[in-house]
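Engineer: Contents of run.pdb (PDB, C-alpha atoms) are below:
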```pdb
ATOM      1  CA  MET A   1     -18.037   4.265  53.062  1.00  0.00           C
ATOM      2  CA  GLY A   2     -15.573   3.969  50.209  1.00  0.00           C
ATOM      3  CA  ALA A   3     -12.822   5.917  51.874  1.00  0.00           C
ATOM      4  CA  SER A   4     -11.300   2.780  53.323  1.00  0.00           C
ATOM      5  CA  SER A   5      -9.272   1.819  50.284  1.00  0.00           C
ATOM      6  CA  SER A   6      -8.178   5.277  49.213  1.00  0.00           C
ATOM      7  CA  PRO A   7      -5.175   6.437  51.191  1.00  0.00           C
ATOM      8  CA  LYS A   8      -5.829   9.114  53.753  1.00  0.00           C
ATOM      9  CA  LEU A   9      -4.839  12.495  52.495  1.00  0.00           C
ATOM     10  CA  SER A  10      -2.403  14.600  54.434  1.00  0.00           C
ATOM     11  CA  GLY A  11      -3.321  18.105  55.508  1.00  0.00           C
ATOM     12  CA  MET A  12      -1.116  19.537  52.822  1.00  0.00           C
ATOM     13  CA  GLN A  13      -2.649  17.391  50.118  1.00  0.00           C
ATOM     14  CA  LYS A  14      -6.047  18.577  51.229  1.00  0.00           C
ATOM     15  CA  GLN A  15      -4.879  22.161  50.974  1.00  0.00           C
ATOM     16  CA  VAL A  16      -3.654  21.549  47.447  1.00  0.00           C
ATOM     17  CA  LEU A  17      -6.925  19.949  46.427  1.00  0.00           C
ATOM     18  CA  SER A  18      -8.841  22.743  48.051  1.00  0.00           C
ATOM     19  CA  LEU A  19      -6.790  25.289  46.115  1.00  0.00           C
ATOM     20  CA  TYR A  20      -7.442  23.393  42.909  1.00  0.00           C
ATOM     21  CA  ARG A  21     -11.143  23.380  43.670  1.00  0.00           C
ATOM     22  CA  GLY A  22     -10.940  27.113  44.309  1.00  0.00           C
ATOM     23  CA  PHE A  23      -9.359  27.707  40.920  1.00  0.00           C
ATOM     24  CA  LEU A  24     -11.954  25.643  39.109  1.00  0.00           C
ATOM     25  CA  ARG A  25     -14.674  27.488  40.967  1.00  0.00           C
ATOM     26  CA  ALA A  26     -13.208  30.873  40.129  1.00  0.00           C
ATOM     27  CA  ALA A  27     -12.933  29.825  36.495  1.00  0.00           C
ATOM     28  CA  ARG A  28     -16.678  29.320  36.364  1.00  0.00           C
ATOM     29  CA  SER A  29     -17.250  33.039  36.715  1.00  0.00           C
ATOM     30  CA  LYS A  30     -15.338  33.830  33.544  1.00  0.00           C
ATOM     31  CA  SER A  31     -16.499  33.705  29.944  1.00  0.00           C
ATOM     32  CA  ALA A  32     -16.734  30.277  28.368  1.00  0.00           C
ATOM     33  CA  GLU A  33     -13.653  30.728  26.275  1.00  0.00           C
ATOM     34  CA  ASP A  34     -11.518  32.136  29.065  1.00  0.00           C
ATOM     35  CA  ARG A  35     -12.828  29.548  31.423  1.00  0.00           C
ATOM     36  CA  HIS A  36     -11.680  26.774  29.195  1.00  0.00           C
ATOM     37  CA  LYS A  37      -8.260  28.314  28.884  1.00  0.00           C
ATOM     38  CA  ILE A  38      -7.992  28.885  32.622  1.00  0.00           C
ATOM     39  CA  GLU A  39      -9.001  25.326  33.343  1.00  0.00           C
ATOM     40  CA  SER A  40      -6.449  23.866  31.005  1.00  0.00           C
ATOM     41  CA  ILE A  41      -3.627  26.054  32.343  1.00  0.00           C
ATOM     42  CA  VAL A  42      -4.527  25.423  35.969  1.00  0.00           C
ATOM     43  CA  SER A  43      -4.976  21.725  35.466  1.00  0.00           C
ATOM     44  CA  GLY A  44      -1.704  21.500  33.583  1.00  0.00           C
ATOM     45  CA  GLU A  45       0.100  23.423  36.297  1.00  0.00           C
ATOM     46  CA  PHE A  46      -1.210  21.268  39.122  1.00  0.00           C
ATOM     47  CA  ARG A  47      -0.500  18.058  37.280  1.00  0.00           C
ATOM     48  CA  ARG A  48       2.973  19.117  36.321  1.00  0.00           C
ATOM     49  CA  ASN A  49       3.804  20.052  39.890  1.00  0.00           C
ATOM     50  CA  SER A  50       2.243  16.889  41.210  1.00  0.00           C
ATOM     51  CA  LYS A  51       4.723  14.931  39.140  1.00  0.00           C
ATOM     52  CA  GLN A  52       7.763  17.138  39.405  1.00  0.00           C
ATOM     53  CA  VAL A  53       7.735  18.293  42.979  1.00  0.00           C
ATOM     54  CA  ASP A  54       9.070  15.903  45.552  1.00  0.00           C
ATOM     55  CA  ARG A  55       6.260  15.093  47.953  1.00  0.00           C
ATOM     56  CA  LYS A  56       8.587  15.595  50.895  1.00  0.00           C
ATOM     57  CA  ASN A  57       9.639  19.058  49.803  1.00  0.00           C
ATOM     58  CA  PHE A  58       7.245  20.725  52.215  1.00  0.00           C
ATOM     59  CA  LEU A  59       8.850  24.141  52.095  1.00  0.00           C
ATOM     60  CA  TYR A  60       8.519  24.379  48.358  1.00  0.00           C
ATOM     61  CA  ILE A  61       4.982  23.011  48.382  1.00  0.00           C
ATOM     62  CA  GLU A  62       4.066  25.555  51.008  1.00  0.00           C
ATOM     63  CA  TYR A  63       5.520  28.255  48.844  1.00  0.00           C
ATOM     64  CA  LEU A  64       3.540  27.007  45.856  1.00  0.00           C
ATOM     65  CA  LEU A  65       0.403  26.917  47.951  1.00  0.00           C
ATOM     66  CA  ARG A  66       0.877  30.502  49.057  1.00  0.00           C
ATOM     67  CA  ARG A  67       1.662  31.644  45.561  1.00  0.00           C
ATOM     68  CA  GLY A  68      -1.335  29.778  44.223  1.00  0.00           C
ATOM     69  CA  GLN A  69      -3.584  31.313  46.835  1.00  0.00           C
ATOM     70  CA  LYS A  70      -2.456  34.802  45.815  1.00  0.00           C
ATOM     71  CA  GLN A  71      -2.989  34.010  42.166  1.00  0.00           C
ATOM     72  CA  LEU A  72      -6.393  32.641  42.993  1.00  0.00           C
ATOM     73  CA  ASP A  73      -7.304  35.836  44.810  1.00  0.00           C
ATOM     74  CA  GLN A  74      -6.339  37.793  41.734  1.00  0.00           C
ATOM     75  CA  LEU A  75      -8.269  35.485  39.487  1.00  0.00           C
ATOM     76  CA  LYS A  76     -11.349  35.849  41.643  1.00  0.00           C
ATOM     77  CA  SER A  77     -11.465  39.568  41.070  1.00  0.00           C
ATOM     78  CA  PRO A  78     -14.064  40.463  38.448  1.00  0.00           C
ATOM     79  CA  ASP A  79     -11.458  42.653  36.814  1.00  0.00           C
ATOM     80  CA  THR A  80      -9.467  39.616  35.877  1.00  0.00           C
ATOM     81  CA  VAL A  81     -10.903  38.166  32.722  1.00  0.00           C
ATOM     82  CA  GLY A  82      -8.321  35.617  31.783  1.00  0.00           C
ATOM     83  CA  LEU A  83      -5.178  33.775  32.538  1.00  0.00           C
ATOM     84  CA  SER A  84      -2.124  33.274  30.444  1.00  0.00           C
ATOM     85  CA  SER A  85       0.929  31.213  30.983  1.00  0.00           C
ATOM     86  CA  LEU A  86       4.470  31.890  29.948  1.00  0.00           C
ATOM     87  CA  ASN A  87       6.408  29.010  28.587  1.00  0.00           C
ATOM     88  CA  VAL A  88       9.298  29.545  30.948  1.00  0.00           C
ATOM     89  CA  SER A  89       8.604  26.232  32.602  1.00  0.00           C
ATOM     90  CA  VAL A  90       8.062  27.353  36.185  1.00  0.00           C
ATOM     91  CA  SER A  91       6.133  30.558  35.919  1.00  0.00           C
ATOM     92  CA  GLU A  92       2.435  31.043  35.623  1.00  0.00           C
ATOM     93  CA  THR A  93       1.292  34.605  35.209  1.00  0.00           C
ATOM     94  CA  ILE A  94      -2.056  36.121  35.780  1.00  0.00           C
ATOM     95  CA  ASP A  95      -3.001  39.058  33.627  1.00  0.00           C
ATOM     96  CA  PRO A  96      -3.057  42.003  35.983  1.00  0.00           C
ATOM     97  CA  LYS A  97      -5.673  43.781  33.922  1.00  0.00           C
ATOM     98  CA  PRO A  98      -6.977  43.627  30.405  1.00  0.00           C
TER
ATOM     99  CA  MET B   1     -47.530 -56.917  23.575  1.00  0.00           C
ATOM    100  CA  ALA B   2     -46.140 -56.855  27.050  1.00  0.00           C
ATOM    101  CA  ALA B   3     -42.728 -56.234  25.592  1.00  0.00           C
ATOM    102  CA  THR B   4     -43.877 -53.249  23.504  1.00  0.00           C
ATOM    103  CA  ALA B   5     -45.933 -51.922  26.403  1.00  0.00           C
ATOM    104  CA  GLY B   6     -42.790 -52.173  28.445  1.00  0.00           C
ATOM    105  CA  ALA B   7     -40.751 -50.595  25.696  1.00  0.00           C
ATOM    106  CA  SER B   8     -42.826 -47.477  25.209  1.00  0.00           C
ATOM    107  CA  PRO B   9     -42.605 -46.349  28.822  1.00  0.00           C
ATOM    108  CA  LEU B  10     -38.959 -47.118  28.609  1.00  0.00           C
ATOM    109  CA  ILE B  11     -38.626 -44.746  25.671  1.00  0.00           C
ATOM    110  CA  SER B  12     -40.495 -42.025  27.454  1.00  0.00           C
ATOM    111  CA  MET B  13     -38.351 -42.710  30.446  1.00  0.00           C
ATOM    112  CA  HIS B  14     -35.378 -42.066  28.254  1.00  0.00           C
ATOM    113  CA  SER B  15     -36.762 -38.909  26.831  1.00  0.00           C
ATOM    114  CA  ARG B  16     -37.627 -37.436  30.181  1.00  0.00           C
ATOM    115  CA  PRO B  17     -34.267 -37.815  31.742  1.00  0.00           C
ATOM    116  CA  SER B  18     -32.662 -36.456  28.609  1.00  0.00           C
ATOM    117  CA  HIS B  19     -34.895 -33.415  28.908  1.00  0.00           C
ATOM    118  CA  SER B  20     -34.068 -32.870  32.480  1.00  0.00           C
ATOM    119  CA  PHE B  21     -30.471 -33.540  31.637  1.00  0.00           C
ATOM    120  CA  GLN B  22     -30.581 -30.735  29.134  1.00  0.00           C
ATOM    121  CA  HIS B  23     -32.129 -28.522  31.744  1.00  0.00           C
ATOM    122  CA  GLY B  24     -29.387 -29.491  34.043  1.00  0.00           C
ATOM    123  CA  LEU B  25     -26.907 -28.605  31.371  1.00  0.00           C
ATOM    124  CA  THR B  26     -28.343 -25.208  30.714  1.00  0.00           C
ATOM    125  CA  THR B  27     -28.412 -24.297  34.347  1.00  0.00           C
ATOM    126  CA  LEU B  28     -24.889 -25.540  34.593  1.00  0.00           C
ATOM    127  CA  ARG B  29     -23.937 -23.352  31.666  1.00  0.00           C
ATOM    128  CA  VAL B  30     -25.602 -20.327  33.138  1.00  0.00           C
ATOM    129  CA  SER B  31     -23.845 -20.703  36.390  1.00  0.00           C
ATOM    130  CA  GLY B  32     -20.692 -21.456  34.478  1.00  0.00           C
ATOM    131  CA  LEU B  33     -20.942 -17.949  33.071  1.00  0.00           C
ATOM    132  CA  LYS B  34     -20.585 -16.614  36.543  1.00  0.00           C
ATOM    133  CA  PRO B  35     -17.647 -18.445  37.976  1.00  0.00           C
ATOM    134  CA  VAL B  36     -16.915 -15.542  40.214  1.00  0.00           C
ATOM    135  CA  SER B  37     -20.267 -15.675  41.935  1.00  0.00           C
ATOM    136  CA  LEU B  38     -19.655 -19.337  42.695  1.00  0.00           C
ATOM    137  CA  CYS B  39     -16.239 -18.655  44.096  1.00  0.00           C
ATOM    138  CA  TYR B  40     -17.593 -16.111  46.528  1.00  0.00           C
ATOM    139  CA  TYR B  41     -20.122 -18.551  47.756  1.00  0.00           C
ATOM    140  CA  GLY B  42     -20.363 -16.947  51.164  1.00  0.00           C
ATOM    141  CA  ARG B  43     -21.252 -13.618  49.594  1.00  0.00           C
ATOM    142  CA  SER B  44     -23.266 -15.052  46.735  1.00  0.00           C
ATOM    143  CA  ASN B  45     -26.018 -12.501  47.228  1.00  0.00           C
ATOM    144  CA  LEU B  46     -23.657  -9.621  46.651  1.00  0.00           C
ATOM    145  CA  SER B  47     -21.942 -11.000  43.611  1.00  0.00           C
ATOM    146  CA  PHE B  48     -25.188 -12.134  42.016  1.00  0.00           C
ATOM    147  CA  ARG B  49     -26.432  -8.605  42.197  1.00  0.00           C
ATOM    148  CA  MET B  50     -23.324  -7.333  40.578  1.00  0.00           C
ATOM    149  CA  ARG B  51     -23.781  -9.370  37.465  1.00  0.00           C
ATOM    150  CA  PRO B  52     -27.036  -9.373  35.548  1.00  0.00           C
ATOM    151  CA  PRO B  53     -28.632  -5.904  35.826  1.00  0.00           C
ATOM    152  CA  PRO B  54     -25.749  -4.094  37.418  1.00  0.00           C
ATOM    153  CA  VAL B  55     -27.308  -0.738  38.072  1.00  0.00           C
ATOM    154  CA  ARG B  56     -30.893  -1.330  39.055  1.00  0.00           C
ATOM    155  CA  LEU B  57     -30.494  -3.735  41.928  1.00  0.00           C
ATOM    156  CA  GLN B  58     -27.858  -1.723  43.752  1.00  0.00           C
ATOM    157  CA  VAL B  59     -29.820   1.349  43.133  1.00  0.00           C
ATOM    158  CA  SER B  60     -32.901   0.027  44.826  1.00  0.00           C
ATOM    159  CA  CYS B  61     -31.248   0.763  48.156  1.00  0.00           C
ATOM    160  CA  ALA B  62     -31.073   4.537  47.693  1.00  0.00           C
ATOM    161  CA  PRO B  63     -30.145   6.604  44.640  1.00  0.00           C
ATOM    162  CA  LYS B  64     -32.224   6.597  41.471  1.00  0.00           C
ATOM    163  CA  PRO B  65     -30.883   4.762  38.445  1.00  0.00           C
ATOM    164  CA  GLU B  66     -30.874   8.005  36.478  1.00  0.00           C
ATOM    165  CA  THR B  67     -28.610   9.618  39.015  1.00  0.00           C
ATOM    166  CA  VAL B  68     -26.151   6.766  38.973  1.00  0.00           C
ATOM    167  CA  GLU B  69     -26.190   6.703  35.206  1.00  0.00           C
ATOM    168  CA  LYS B  70     -25.653  10.434  34.965  1.00  0.00           C
ATOM    169  CA  VAL B  71     -22.772  10.164  37.393  1.00  0.00           C
ATOM    170  CA  CYS B  72     -21.286   7.318  35.366  1.00  0.00           C
ATOM    171  CA  ASN B  73     -21.471   9.379  32.203  1.00  0.00           C
ATOM    172  CA  ILE B  74     -19.830  12.384  33.809  1.00  0.00           C
ATOM    173  CA  VAL B  75     -17.095  10.197  35.231  1.00  0.00           C
ATOM    174  CA  LYS B  76     -16.492   8.701  31.805  1.00  0.00           C
ATOM    175  CA  LYS B  77     -16.392  12.098  30.178  1.00  0.00           C
ATOM    176  CA  GLN B  78     -14.124  13.582  32.801  1.00  0.00           C
ATOM    177  CA  LEU B  79     -11.653  10.716  32.672  1.00  0.00           C
ATOM    178  CA  ALA B  80     -11.937  10.446  28.892  1.00  0.00           C
ATOM    179  CA  LEU B  81     -12.763   6.770  29.118  1.00  0.00           C
ATOM    180  CA  PRO B  82     -13.832   4.962  25.950  1.00  0.00           C
ATOM    181  CA  ASP B  83     -17.593   4.631  25.470  1.00  0.00           C
ATOM    182  CA  ASP B  84     -17.566   0.874  25.775  1.00  0.00           C
ATOM    183  CA  SER B  85     -15.860   0.897  29.159  1.00  0.00           C
ATOM    184  CA  THR B  86     -18.125  -0.165  31.973  1.00  0.00           C
ATOM    185  CA  VAL B  87     -18.649   2.188  34.850  1.00  0.00           C
ATOM    186  CA  THR B  88     -21.082   0.999  37.507  1.00  0.00           C
ATOM    187  CA  GLY B  89     -22.126   2.161  40.919  1.00  0.00           C
ATOM    188  CA  GLU B  90     -19.415   0.111  42.514  1.00  0.00           C
ATOM    189  CA  SER B  91     -16.651   1.502  40.359  1.00  0.00           C
ATOM    190  CA  LYS B  92     -13.959   3.183  42.375  1.00  0.00           C
ATOM    191  CA  PHE B  93     -12.599   6.387  40.887  1.00  0.00           C
ATOM    192  CA  ALA B  94      -9.098   5.276  41.750  1.00  0.00           C
ATOM    193  CA  ALA B  95      -9.652   1.954  39.975  1.00  0.00           C
ATOM    194  CA  LEU B  96     -10.751   3.836  36.862  1.00  0.00           C
ATOM    195  CA  GLY B  97      -7.421   5.613  36.834  1.00  0.00           C
ATOM    196  CA  ALA B  98      -8.472   8.831  38.537  1.00  0.00           C
ATOM    197  CA  ASP B  99      -6.052  10.597  40.849  1.00  0.00           C
ATOM    198  CA  SER B 100      -7.135  13.053  43.522  1.00  0.00           C
ATOM    199  CA  LEU B 101      -7.054  15.954  41.062  1.00  0.00           C
ATOM    200  CA  ASP B 102      -9.344  14.025  38.717  1.00  0.00           C
ATOM    201  CA  THR B 103     -11.661  13.375  41.623  1.00  0.00           C
ATOM    202  CA  VAL B 104     -11.879  17.103  42.303  1.00  0.00           C
ATOM    203  CA  GLU B 105     -12.723  17.653  38.647  1.00  0.00           C
ATOM    204  CA  ILE B 106     -15.370  14.952  38.734  1.00  0.00           C
ATOM    205  CA  VAL B 107     -17.002  16.475  41.805  1.00  0.00           C
ATOM    206  CA  MET B 108     -16.942  19.912  40.181  1.00  0.00           C
ATOM    207  CA  GLY B 109     -18.514  18.471  37.051  1.00  0.00           C
ATOM    208  CA  LEU B 110     -21.217  16.829  39.155  1.00  0.00           C
ATOM    209  CA  GLU B 111     -21.904  20.103  40.948  1.00  0.00           C
ATOM    210  CA  GLU B 112     -22.615  21.811  37.684  1.00  0.00           C
ATOM    211  CA  GLU B 113     -24.630  18.997  36.213  1.00  0.00           C
ATOM    212  CA  PHE B 114     -26.929  18.699  39.192  1.00  0.00           C
ATOM    213  CA  GLY B 115     -26.853  22.333  40.240  1.00  0.00           C
ATOM    214  CA  ILE B 116     -25.606  21.568  43.723  1.00  0.00           C
ATOM    215  CA  SER B 117     -22.715  22.629  45.863  1.00  0.00           C
ATOM    216  CA  VAL B 118     -20.635  19.936  47.503  1.00  0.00           C
ATOM    217  CA  GLU B 119     -18.820  20.858  50.657  1.00  0.00           C
ATOM    218  CA  GLU B 120     -15.146  20.236  50.742  1.00  0.00           C
ATOM    219  CA  GLU B 121     -15.316  17.708  53.506  1.00  0.00           C
ATOM    220  CA  SER B 122     -17.882  15.519  51.799  1.00  0.00           C
ATOM    221  CA  ALA B 123     -16.151  15.954  48.466  1.00  0.00           C
ATOM    222  CA  GLN B 124     -13.038  14.336  49.828  1.00  0.00           C
ATOM    223  CA  SER B 125     -14.845  11.283  51.123  1.00  0.00           C
ATOM    224  CA  ILE B 126     -16.240  10.353  47.724  1.00  0.00           C
ATOM    225  CA  ALA B 127     -14.458   7.313  46.381  1.00  0.00           C
ATOM    226  CA  THR B 128     -17.010   5.489  44.253  1.00  0.00           C
ATOM    227  CA  VAL B 129     -19.772   6.330  41.830  1.00  0.00           C
ATOM    228  CA  GLN B 130     -22.190   5.073  44.439  1.00  0.00           C
ATOM    229  CA  ASP B 131     -20.843   7.498  47.059  1.00  0.00           C
ATOM    230  CA  ALA B 132     -21.272  10.351  44.626  1.00  0.00           C
ATOM    231  CA  ALA B 133     -24.818   9.352  43.721  1.00  0.00           C
ATOM    232  CA  ASP B 134     -25.790   9.010  47.385  1.00  0.00           C
ATOM    233  CA  LEU B 135     -24.423  12.434  48.192  1.00  0.00           C
ATOM    234  CA  ILE B 136     -26.111  14.044  45.211  1.00  0.00           C
ATOM    235  CA  GLU B 137     -29.514  12.657  46.149  1.00  0.00           C
ATOM    236  CA  LYS B 138     -29.031  13.893  49.673  1.00  0.00           C
ATOM    237  CA  LEU B 139     -28.142  17.370  48.469  1.00  0.00           C
ATOM    238  CA  ILE B 140     -30.971  17.524  45.975  1.00  0.00           C
ATOM    239  CA  GLU B 141     -33.403  16.555  48.682  1.00  0.00           C
ATOM    240  CA  LYS B 142     -32.191  19.383  50.882  1.00  0.00           C
ATOM    241  CA  LYS B 143     -32.716  21.947  48.169  1.00  0.00           C
TER
END
```
If you took the structure in this file and wrote it as structure tokens, what would it be?
Structural biologist:
Amino acid sequence: MGASSSPKLSGMQKQVLSLYRGFLRAARSKSAEDRHKIESIVSGEFRRNSKQVDRKNFLYIEYLLRRGQKQLDQLKSPDTVGLSSLNVSVSETIDPKP
Amino acid sequence: MAATAGASPLISMHSRPSHSFQHGLTTLRVSGLKPVSLCYYGRSNLSFRMRPPPVRLQVSCAPKPETVEKVCNIVKKQLALPDDSTVTGESKFAALGADSLDTVEIVMGLEEEFGISVEEESAQSIATVQDAADLIEKLIEKK
């Protein structure tokens, strides 16, 4: 229906969106406070990369996707309660364990 | 006598046209409020629906007005739009300033609000409030 005007997404863009969805979903399973924090970090990270990373830099995007997927797997574990981010511009760290 | 008899109908003749003239004016004014609907004369049905009660008439085709309104509110909240901004069924997320990440957030927000789970494939085909409302009704029905 409405998809006509919105540009078709590439496979890679779909992967990124799917990863983002995965993060938001995983965040739901955490406590309200942590969830909020996770959401703001994740959202900030995706938005920052969406602006900074050249859309043709497939290798780097693929790397980010893989890294994100690993981080997501860690976040999904019930042992992981929260997420914190270091202010060293590029790095996002997941607490290994409380 | 004949002159006055002739005069009084004349007066009423004057008053009648002036009445109908006023009517003509008001209708002119009303349609003047909707210049757009006149421009799109070929699609006048569509644009007429858009204007006066924006939600209800579109909604009559499938989703309930409550659903559309709920969706509109979530979209507004998610995009941090001012309260007085108008979001209708026809509003495109992209036109409201949402990028694809925002759209994901909107769909996630809708999932929670309506207690549904949107599959990835359908989530990516949602471009307007109307699309979202249609999909939600479909999913609620299935439940």
Engineer: For Gly115 (chain B), which residue out of B:Val87, B:Ile140, B:Ala98, B:Cys72 is the nearest one, using all atoms listed in the file?
Structural biologist: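 Answer, going by the shortest atom-to-atom distance: B:Ile140.
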Engineer: Select residues of chain A: the criterion is any atom within 12 Å of an atom of chain B, counting all atoms listed in the file; output as an mmCIF file with C-alpha atoms, in the coordinates of the input.
Structural biologist:
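Full text of out.cif as output:
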```
data_model
loop_
_atom_site.group_PDB
_atom_site.id
_atom_site.type_symbol
_atom_site.label_atom_id
_atom_site.label_comp_id
_atom_site.auth_asym_id
_atom_site.auth_seq_id
_atom_site.Cartn_x
_atom_site.Cartn_y
_atom_site.Cartn_z
ATOM 1 C CA MET A 1 -18.037 4.265 53.062
ATOM 2 C CA GLY A 2 -15.573 3.969 50.209
ATOM 3 C CA ALA A 3 -12.822 5.917 51.874
ATOM 4 C CA SER A 4 -11.300 2.780 53.323
ATOM 5 C CA SER A 5 -9.272 1.819 50.284
ATOM 6 C CA SER A 6 -8.178 5.277 49.213
ATOM 7 C CA PRO A 7 -5.175 6.437 51.191
ATOM 8 C CA LYS A 8 -5.829 9.114 53.753
ATOM 9 C CA LEU A 9 -4.839 12.495 52.495
ATOM 10 C CA SER A 10 -2.403 14.600 54.434
ATOM 11 C CA GLY A 11 -3.321 18.105 55.508
ATOM 12 C CA GLN A 13 -2.649 17.391 50.118
ATOM 13 C CA LYS A 14 -6.047 18.577 51.229
ATOM 14 C CA GLN A 15 -4.879 22.161 50.974
ATOM 15 C CA VAL A 16 -3.654 21.549 47.447
ATOM 16 C CA LEU A 17 -6.925 19.949 46.427
ATOM 17 C CA SER A 18 -8.841 22.743 48.051
ATOM 18 C CA LEU A 19 -6.790 25.289 46.115
ATOM 19 C CA TYR A 20 -7.442 23.393 42.909
ATOM 20 C CA ARG A 21 -11.143 23.380 43.670
ATOM 21 C CA GLY A 22 -10.940 27.113 44.309
ATOM 22 C CA PHE A 23 -9.359 27.707 40.920
ATOM 23 C CA LEU A 24 -11.954 25.643 39.109
ATOM 24 C CA ARG A 25 -14.674 27.488 40.967
ATOM 25 C CA ALA A 26 -13.208 30.873 40.129
ATOM 26 C CA ALA A 27 -12.933 29.825 36.495
ATOM 27 C CA ARG A 28 -16.678 29.320 36.364
ATOM 28 C CA GLU A 39 -9.001 25.326 33.343
ATOM 29 C CA SER A 40 -6.449 23.866 31.005
ATOM 30 C CA VAL A 42 -4.527 25.423 35.969
ATOM 31 C CA SER A 43 -4.976 21.725 35.466
ATOM 32 C CA GLY A 44 -1.704 21.500 33.583
ATOM 33 C CA GLU A 45 0.100 23.423 36.297
ATOM 34 C CA PHE A 46 -1.210 21.268 39.122
ATOM 35 C CA ARG A 47 -0.500 18.058 37.280
ATOM 36 C CA ARG A 48 2.973 19.117 36.321
ATOM 37 C CA ASN A 49 3.804 20.052 39.890
ATOM 38 C CA SER A 50 2.243 16.889 41.210
ATOM 39 C CA LYS A 51 4.723 14.931 39.140
#
```
Engineer: Give as a list of chain:residue names the residues that the PyMOL selection byres ((chain B and resi 137) around 10) matches when applied to the coordinates above.
Structural biologist: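 When the PyMOL selection byres ((chain B and resi 137) around 10) is applied to the shown file, the picked residues are B:Ala62, B:Pro63, B:Lys64, B:Thr67, B:Val68, B:Phe114, B:Ala132, B:Ala133, B:Asp134, B:Leu135, B:Ile136, B:Lys138, B:Leu139, B:Ile140, B:Glu141, B:Lys142.
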Engineer: Residues of the last selection are to be written out with C-alpha atoms, as a short mmCIF file (atom, residue, chain, number, x, y, z; two decimals), in the coordinates of the input.
Structural biologist:
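As a result, again_33.cif now contains:
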```cif
data_model
loop_
_atom_site.label_atom_id
_atom_site.label_comp_id
_atom_site.auth_asym_id
_atom_site.auth_seq_id
_atom_site.Cartn_x
_atom_site.Cartn_y
_atom_site.Cartn_z
CA ALA B 62 -31.07 4.54 47.69
CA PRO B 63 -30.14 6.60 44.64
CA LYS B 64 -32.22 6.60 41.47
CA THR B 67 -28.61 9.62 39.02
CA VAL B 68 -26.15 6.77 38.97
CA PHE B 114 -26.93 18.70 39.19
CA ALA B 132 -21.27 10.35 44.63
CA ALA B 133 -24.82 9.35 43.72
CA ASP B 134 -25.79 9.01 47.38
CA LEU B 135 -24.42 12.43 48.19
CA ILE B 136 -26.11 14.04 45.21
CA LYS B 138 -29.03 13.89 49.67
CA LEU B 139 -28.14 17.37 48.47
CA ILE B 140 -30.97 17.52 45.98
CA GLU B 141 -33.40 16.56 48.68
CA LYS B 142 -32.19 19.38 50.88
#
```
Engineer: Between CA of Ala32 (chain A) and CA of Leu83 (chain A), what is the distance, to one decimal in Å?
Structural biologist: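 CA of Leu83 (chain A) lies at a distance of 12.8 Å from CA of Ala32 (chain A).
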Engineer: Kindly give the distance, in Å, that separates CA of Ala80 (chain B) and CA of Ile106 (chain B), rounded to a single decimal.
Structural biologist: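 Atom-to-atom, CA of Ala80 (chain B) and CA of Ile106 (chain B) are spaced 11.4 Å apart.
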Engineer: For CA of Lys143 (chain B) and CA of Leu110 (chain B), determine how far apart the two atoms are, in Å to one decimal place.
Structural biologist: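 So the answer is 15.5 Å.
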Engineer: As a compact mmCIF listing (two decimals), in the coordinates of the input, could you write out region 10-21 of chain A once it has been completed with N, CA and C atoms?
Structural biologist:
```
# COMPACT_ATOMS: atom_id res chain seq x y z
N SER A 10 -3.03 13.77 53.42
CA SER A 10 -2.40 14.60 54.43
C SER A 10 -3.03 15.98 54.41
N GLY A 11 -2.77 16.76 55.45
CA GLY A 11 -3.32 18.10 55.51
C GLY A 11 -2.88 18.94 54.32
N MET A 12 -1.64 18.75 53.93
CA MET A 12 -1.12 19.54 52.82
C MET A 12 -1.78 19.14 51.51
N GLN A 13 -1.97 17.84 51.34
CA GLN A 13 -2.65 17.39 50.12
C GLN A 13 -4.05 17.96 50.04
N LYS A 14 -4.70 18.01 51.20
CA LYS A 14 -6.05 18.58 51.23
C LYS A 14 -6.02 20.05 50.84
N GLN A 15 -5.00 20.74 51.33
CA GLN A 15 -4.88 22.16 50.97
C GLN A 15 -4.71 22.33 49.47
N VAL A 16 -3.89 21.45 48.89
CA VAL A 16 -3.65 21.55 47.45
C VAL A 16 -4.96 21.30 46.69
N LEU A 17 -5.67 20.26 47.11
CA LEU A 17 -6.92 19.95 46.43
C LEU A 17 -7.93 21.08 46.60
N SER A 18 -7.92 21.66 47.79
CA SER A 18 -8.84 22.74 48.05
C SER A 18 -8.51 23.95 47.17
N LEU A 19 -7.21 24.19 46.99
CA LEU A 19 -6.79 25.29 46.12
C LEU A 19 -7.23 25.01 44.68
N TYR A 20 -7.05 23.78 44.27
CA TYR A 20 -7.44 23.39 42.91
C TYR A 20 -8.95 23.61 42.71
N ARG A 21 -9.69 23.19 43.71
CA ARG A 21 -11.14 23.38 43.67
C ARG A 21 -11.47 24.87 43.55
```
